[in-house]
Structure formats: C-alpha cells, structure tokens
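Heads up, the thing below is written out as structure tokens.
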Amino acid sequence: MNSKGISPVIATVLLILVAVAVVAVVATWSTSMVGEQTGKAETITKGGPGEARFHVESCSRSGSTVTIKLVNDGTKDLNDFTVFCLNSSGNTVATKTLSADMVPQQTYSGSVTCTSATTRVRVKSQDYPNLVSERDCTS
C-alpha cells in the first residue's frame, strides 16, 4: 500500500501560517476596537459643540480645612466633584464630595474638611469622570 501525504515539515509550516493569520486578524480587530472606545471617551470631553474642562486654580490649607478654587474652562455646566485629600506620599487620606454648580467660565471657591496630613488635592468631576485636576496645597 503506497499512501501519500504531506511531509511533517510542510504541515508545520502550514500550521504556523494559519496561526500567524489568526493573530493578525485578532490584532487588527482589537486595535480598531481600542481606537473606537478611545474616540468615544474623547468625545465626552472634547467633542461636539461643547467641551467639559476645569482646573484647580488654587489650594490652601489651614489645619484640616482645605480651601480650593475651581475654574470651569469649558463650555459645559459642571456640578458635583469628588475631592481626594492626598498626603505627602500621594496616598488618599480623605475623600469628600463638593457641590459646585458651575456654568462655563465660572470660578467657584469652597472648603472641605480633610486631615492635617493633606498636602495635595485631586479633584474629579462626577459629571465627567475622566476630568481630573490636581493641585499642591503646601505653598
């Protein structure tokens, strides 16, 4: 009986080519998906007719009371913020909610009670969770 087939070397090469093709298809698909999701996140902050932006203009501390000044730089209303009180190592020592209804181009000053170990604040918008601003409170 004389049966013919492909040699083991050719079979191995074919398997490798199929594996490379599958990896290429998966890589192309995942790259386009990541780009699409990133584009959606950017649309929230930089897309369309308005932009949502803010920054912490100043931060000062007296004991455990931290006074911060926020500026709405964008063209969208911003309402509530989460204030993370950070120590000198950058660890969160307290988290507070700050209600600051700010229309575009408005400045807001407010105080939160942190701890005496607070040296820096990180403020995060609750309306747009990817909007974050930090400021040193020691100077």
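Letters for chains follow the order of the structure tokens (A, B, ...), residue numbers begin at 1 for each chain, and ligand numbers begin at 1 in the order shown.
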
Identify all residues of chain A in alpha helix (DSSP H) (DSSP on the backbone) and supply them as a PyMOL selection string. chain A and resi 8-46

How would the residues just chosen look if you wrote them out with N, CA and C atoms as a short mmCIF file (atom, residue, chain, number, x, y, z; two decimals), in the first residue's frame?
```
data_model
loop_
_atom_site.label_atom_id
_atom_site.label_comp_id
_atom_site.auth_asym_id
_atom_site.auth_seq_id
_atom_site.Cartn_x
_atom_site.Cartn_y
_atom_site.Cartn_z
N PRO A 8 5.90 16.21 7.31
CA PRO A 8 5.75 16.91 8.59
C PRO A 8 6.28 18.34 8.55
N VAL A 9 7.28 18.61 7.76
CA VAL A 9 7.84 19.96 7.65
C VAL A 9 6.82 20.89 7.01
N ILE A 10 6.19 20.45 5.93
CA ILE A 10 5.18 21.28 5.26
C ILE A 10 3.97 21.47 6.16
N ALA A 11 3.57 20.44 6.88
CA ALA A 11 2.44 20.54 7.81
C ALA A 11 2.73 21.57 8.90
N THR A 12 3.93 21.56 9.41
CA THR A 12 4.32 22.52 10.45
C THR A 12 4.30 23.94 9.91
N VAL A 13 4.82 24.14 8.70
CA VAL A 13 4.82 25.46 8.08
C VAL A 13 3.39 25.96 7.87
N LEU A 14 2.51 25.09 7.40
CA LEU A 14 1.11 25.47 7.20
C LEU A 14 0.44 25.85 8.52
N LEU A 15 0.70 25.11 9.57
CA LEU A 15 0.13 25.43 10.89
C LEU A 15 0.62 26.79 11.39
N ILE A 16 1.88 27.06 11.19
CA ILE A 16 2.44 28.35 11.61
C ILE A 16 1.80 29.49 10.82
N LEU A 17 1.62 29.31 9.50
CA LEU A 17 0.99 30.34 8.68
C LEU A 17 -0.46 30.60 9.11
N VAL A 18 -1.18 29.55 9.41
CA VAL A 18 -2.56 29.72 9.89
C VAL A 18 -2.56 30.46 11.22
N ALA A 19 -1.68 30.12 12.13
CA ALA A 19 -1.61 30.80 13.43
C ALA A 19 -1.27 32.28 13.28
N VAL A 20 -0.32 32.60 12.40
CA VAL A 20 0.05 34.00 12.15
C VAL A 20 -1.13 34.76 11.57
N ALA A 21 -1.87 34.16 10.66
CA ALA A 21 -3.05 34.81 10.06
C ALA A 21 -4.11 35.09 11.13
N VAL A 22 -4.35 34.15 12.02
CA VAL A 22 -5.33 34.35 13.09
C VAL A 22 -4.88 35.48 14.02
N VAL A 23 -3.61 35.51 14.38
CA VAL A 23 -3.08 36.58 15.23
C VAL A 23 -3.23 37.93 14.54
N ALA A 24 -2.97 38.01 13.26
CA ALA A 24 -3.10 39.27 12.52
C ALA A 24 -4.54 39.76 12.51
N VAL A 25 -5.48 38.85 12.32
CA VAL A 25 -6.90 39.24 12.32
C VAL A 25 -7.32 39.73 13.70
N VAL A 26 -6.94 39.03 14.74
CA VAL A 26 -7.30 39.43 16.10
C VAL A 26 -6.64 40.77 16.46
N ALA A 27 -5.39 40.97 16.07
CA ALA A 27 -4.69 42.23 16.37
C ALA A 27 -5.36 43.39 15.66
N THR A 28 -5.74 43.21 14.41
CA THR A 28 -6.42 44.28 13.67
C THR A 28 -7.75 44.61 14.31
N TRP A 29 -8.51 43.60 14.67
CA TRP A 29 -9.82 43.81 15.30
C TRP A 29 -9.67 44.53 16.65
N SER A 30 -8.76 44.09 17.49
CA SER A 30 -8.61 44.70 18.82
C SER A 30 -8.08 46.13 18.72
N THR A 31 -7.19 46.40 17.78
CA THR A 31 -6.68 47.76 17.60
C THR A 31 -7.79 48.70 17.19
N SER A 32 -8.65 48.27 16.28
CA SER A 32 -9.76 49.14 15.86
C SER A 32 -10.75 49.34 16.99
N MET A 33 -10.97 48.31 17.81
CA MET A 33 -11.91 48.44 18.93
C MET A 33 -11.37 49.42 19.98
N VAL A 34 -10.09 49.33 20.30
CA VAL A 34 -9.49 50.24 21.28
C VAL A 34 -9.54 51.67 20.76
N GLY A 35 -9.25 51.86 19.49
CA GLY A 35 -9.32 53.20 18.91
C GLY A 35 -10.73 53.77 18.95
N GLU A 36 -11.71 52.92 18.70
CA GLU A 36 -13.10 53.36 18.73
C GLU A 36 -13.51 53.76 20.14
N GLN A 37 -13.14 52.97 21.14
CA GLN A 37 -13.50 53.27 22.52
C GLN A 37 -12.79 54.53 23.00
N THR A 38 -11.54 54.72 22.59
CA THR A 38 -10.80 55.93 22.95
C THR A 38 -11.47 57.15 22.33
N GLY A 39 -11.91 57.01 21.10
CA GLY A 39 -12.61 58.09 20.43
C GLY A 39 -13.89 58.48 21.15
N LYS A 40 -14.61 57.48 21.67
CA LYS A 40 -15.84 57.77 22.42
C LYS A 40 -15.51 58.53 23.69
N ALA A 41 -14.44 58.15 24.39
CA ALA A 41 -14.06 58.86 25.62
C ALA A 41 -13.66 60.29 25.32
N GLU A 42 -12.94 60.52 24.22
CA GLU A 42 -12.55 61.88 23.87
C GLU A 42 -13.75 62.72 23.47
N THR A 43 -14.78 62.10 22.91
CA THR A 43 -15.97 62.83 22.51
C THR A 43 -16.65 63.44 23.74
N ILE A 44 -16.58 62.76 24.87
CA ILE A 44 -17.21 63.28 26.08
C ILE A 44 -16.55 64.59 26.49
N THR A 45 -15.23 64.65 26.42
CA THR A 45 -14.54 65.84 26.91
C THR A 45 -14.21 66.85 25.84
N LYS A 46 -14.06 66.41 24.59
CA LYS A 46 -13.61 67.34 23.58
C LYS A 46 -14.48 67.34 22.34
#
```

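Residues in contact with range 86-102 of chain A at 7 Å, where only C-alpha atoms are counted and same-chain residues fewer than 2 positions away are skipped, are listed as Asn72, Asp77, Leu78, Asn79, Asp80, Phe81, Thr82, Val83, Phe84, Pro104, Gln106, Tyr108, Val112, Cys114, Ala117, Thr118, Thr119, Arg120 and Val121 of chain A.
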
Val56 in chain A: which residues within 9 Å, counting only C-alpha atoms, same-chain residues fewer than 4 positions away excluded, as JSON, numbers by chain? {"A": [68, 69, 70, 71, 121, 122, 123, 133, 134, 135]}

From A:Cys85, A:Val66, A:Ala52, A:Val103, residue lying nearest Asp127 in chain A [only C-alpha atoms]: A:Ala52

From a DSSP calculation on the backbone, collect every residue of chain A in strand (DSSP E) and output the set as a compact mmCIF listing (two decimals) with C-alpha atoms, in the first residue's frame.
```
# COMPACT_ATOMS: atom_id res chain seq x y z
CA PHE A 54 -11.92 72.56 34.61
CA HIS A 55 -8.83 73.05 36.72
CA VAL A 56 -7.95 73.68 40.34
CA GLU A 57 -6.63 77.23 40.29
CA SER A 58 -5.55 77.35 43.92
CA CYS A 59 -5.48 75.26 47.07
CA SER A 60 -4.67 76.33 50.61
CA ARG A 61 -4.79 74.51 53.92
CA SER A 62 -5.40 75.72 57.44
CA THR A 65 -9.64 72.70 56.35
CA VAL A 66 -8.69 72.85 52.69
CA THR A 67 -9.95 75.72 50.56
CA ILE A 68 -9.91 75.17 46.83
CA LYS A 69 -10.73 77.40 43.89
CA LEU A 70 -12.09 75.67 40.77
CA VAL A 71 -12.41 77.24 37.32
CA ASN A 72 -14.76 75.89 34.65
CA LEU A 78 -20.20 71.17 35.83
CA ASN A 79 -21.97 70.31 39.06
CA ASP A 80 -20.55 67.91 41.58
CA PHE A 81 -16.96 66.98 42.30
CA THR A 82 -15.12 64.41 44.40
CA VAL A 83 -12.16 65.83 46.31
CA PHE A 84 -9.37 63.41 47.20
CA CYS A 85 -7.17 64.74 50.00
CA LEU A 86 -3.65 63.37 49.50
CA THR A 92 -5.60 59.36 49.79
CA VAL A 93 -6.26 60.33 53.42
CA ALA A 94 -9.84 61.57 52.94
CA THR A 95 -12.47 61.75 50.22
CA LYS A 96 -15.14 64.45 50.19
CA THR A 97 -17.97 65.48 47.88
CA LEU A 98 -18.14 69.09 46.77
CA SER A 99 -21.33 70.50 45.25
CA ALA A 100 -20.30 73.35 42.99
CA ASP A 101 -22.80 74.22 40.29
CA MET A 102 -20.59 75.98 37.76
CA THR A 107 -14.99 80.29 39.22
CA TYR A 108 -16.01 78.50 42.44
CA SER A 109 -14.35 78.69 45.85
CA GLY A 110 -15.18 76.16 48.52
CA SER A 111 -13.80 74.38 51.55
CA VAL A 112 -13.68 70.75 52.59
CA THR A 113 -12.51 69.15 55.81
CA ARG A 120 -2.31 67.99 47.83
CA VAL A 121 -5.82 67.63 46.38
CA ARG A 122 -7.09 65.71 43.37
CA VAL A 123 -10.49 66.90 42.18
CA LYS A 124 -12.58 64.71 39.90
CA SER A 125 -15.79 65.73 38.13
CA VAL A 132 -9.38 65.30 36.91
CA SER A 133 -7.21 68.14 38.18
CA GLU A 134 -4.58 68.18 40.95
CA ARG A 135 -3.02 70.98 42.94
CA ASP A 136 -0.40 71.28 45.66
```

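Taking CA of Gln126 in chain A and CA of Thr75 in chain A as the two end points, the separation is 16.3 Å.
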
Nearest-residue call for Gln105 in chain A, choices A:Glu51, A:Tyr128, A:Thr138, A:Ser64, using only C-alpha atoms: A:Glu51
